[in-house]
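Colleague: Dumping the structure here so I can ask a few things about it.
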Amino acid sequence: MRPNTYLLIAVLALLFQGANLRAQINPNKRMMSFGPQPALEVSLPNADEDLIIDVWKHYLKKYGKVKRNKKAGEYYLEDERINPIAKKKEISIYMIPEKEQAVVFIDLKNGFLSQEREEYNAAVRFLENYQKAVEIERYKRWIEQEKKKLKSLNKKLTKLSKREKKLHGRIEEARRIIKESEEELKENNAAQKANKTAIEQQEQEINTLLEALEKLESSDK
């Protein structure tokens, strides 16, 4: 299976997953800084804690600045009017990030939100939008990662193209050297042939002189 096929399957799975987020907000009783309280477990598949926290802060930014209770591991907003949940009163909202989920506690000031409260459905819709915001941000970060991979591949291609150009240059230089060497070799062969002929002629000249000398020396006797 090719890489783009894996990517397509992953995207389709995410789209299906996004369409079923509502069913992944579940009421439960969980421990927090005020003891065990009714909570909403918000499923955030494939989201790490950094993403969950970053989006939570940004999502609640228009209502106030999210603070952190380091000891309890909570990210909270206290005594603020969060209209999508409760329009006529101030509430507090707490979130504990876990693996692929956020555990949310909503203090309505007359008790923590549970399924029996009239604000429950509004809170679920509010958290569904948070789920969507997490998915959107996860897609954006995923796209940025893919862009970085693309940038790296383009950078590698640029290096390979430069290397190709350099290698072509070396080949052309080698061809030039070979051509020059072949021409020089022809000249060298011709020079050797001429030199051999000159040697033969010189040897013949010396032999002729030696014969003449020998005759001259014989005639004196």
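If you're wondering about the labels, chains in the structure tokens are A, B, ... by order shown, residues count from 1 in each chain, ligands from 1 in order shown.
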Residues at most 9 Å from A:Lys99, counting only C-alpha atoms, excluding those fewer than 6 positions away in the same chain, as a PyMOL selection string?

Modeller: chain A and resi 44-49

Colleague: Stretch 71-169 of chain A: which residues are alpha helix (DSSP H) by DSSP, as a PyMOL selection string?

Modeller: chain A and resi 120-169

Colleague: What are the DSSP strand (DSSP E) residues of stretch 90-158 of chain A, as a list in words?

Modeller: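 Of stretch 90-158 of chain A, only Ile91, Ser92, Ile93, Tyr94, Met95, Ile96, Pro97, Glu98, Gln101, Ala102, Val103, Val104, Phe105, Ile106 and Asp107 of chain A fall in strand (DSSP E).
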
Colleague: Write out as a VMD selection string each polymer residue whose atoms come within 12 Å of stretch 140-157 of chain A, counting only C-alpha atoms; drop sequence neighbours fewer than 2 positions from it.

Modeller: chain A and resid 4 7 10 to 11 46 to 48 50 to 51 55 133 to 138 159 to 164

Colleague: Given only C-alpha atoms as the basis, pick out the residue of A:Asn189, A:Asn28, A:Gln131, A:Ser219 nearest to A:Val42.

Modeller: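 Checking each candidate against A:Val42, we get A:Gln131 as the closest.
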
Colleague: One decimal, Å: what's the distance from atom CA of A:Glu128 over to atom CA of A:Lys61, could you say?

Modeller: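 Between these atoms lies a distance of 16.9 Å.
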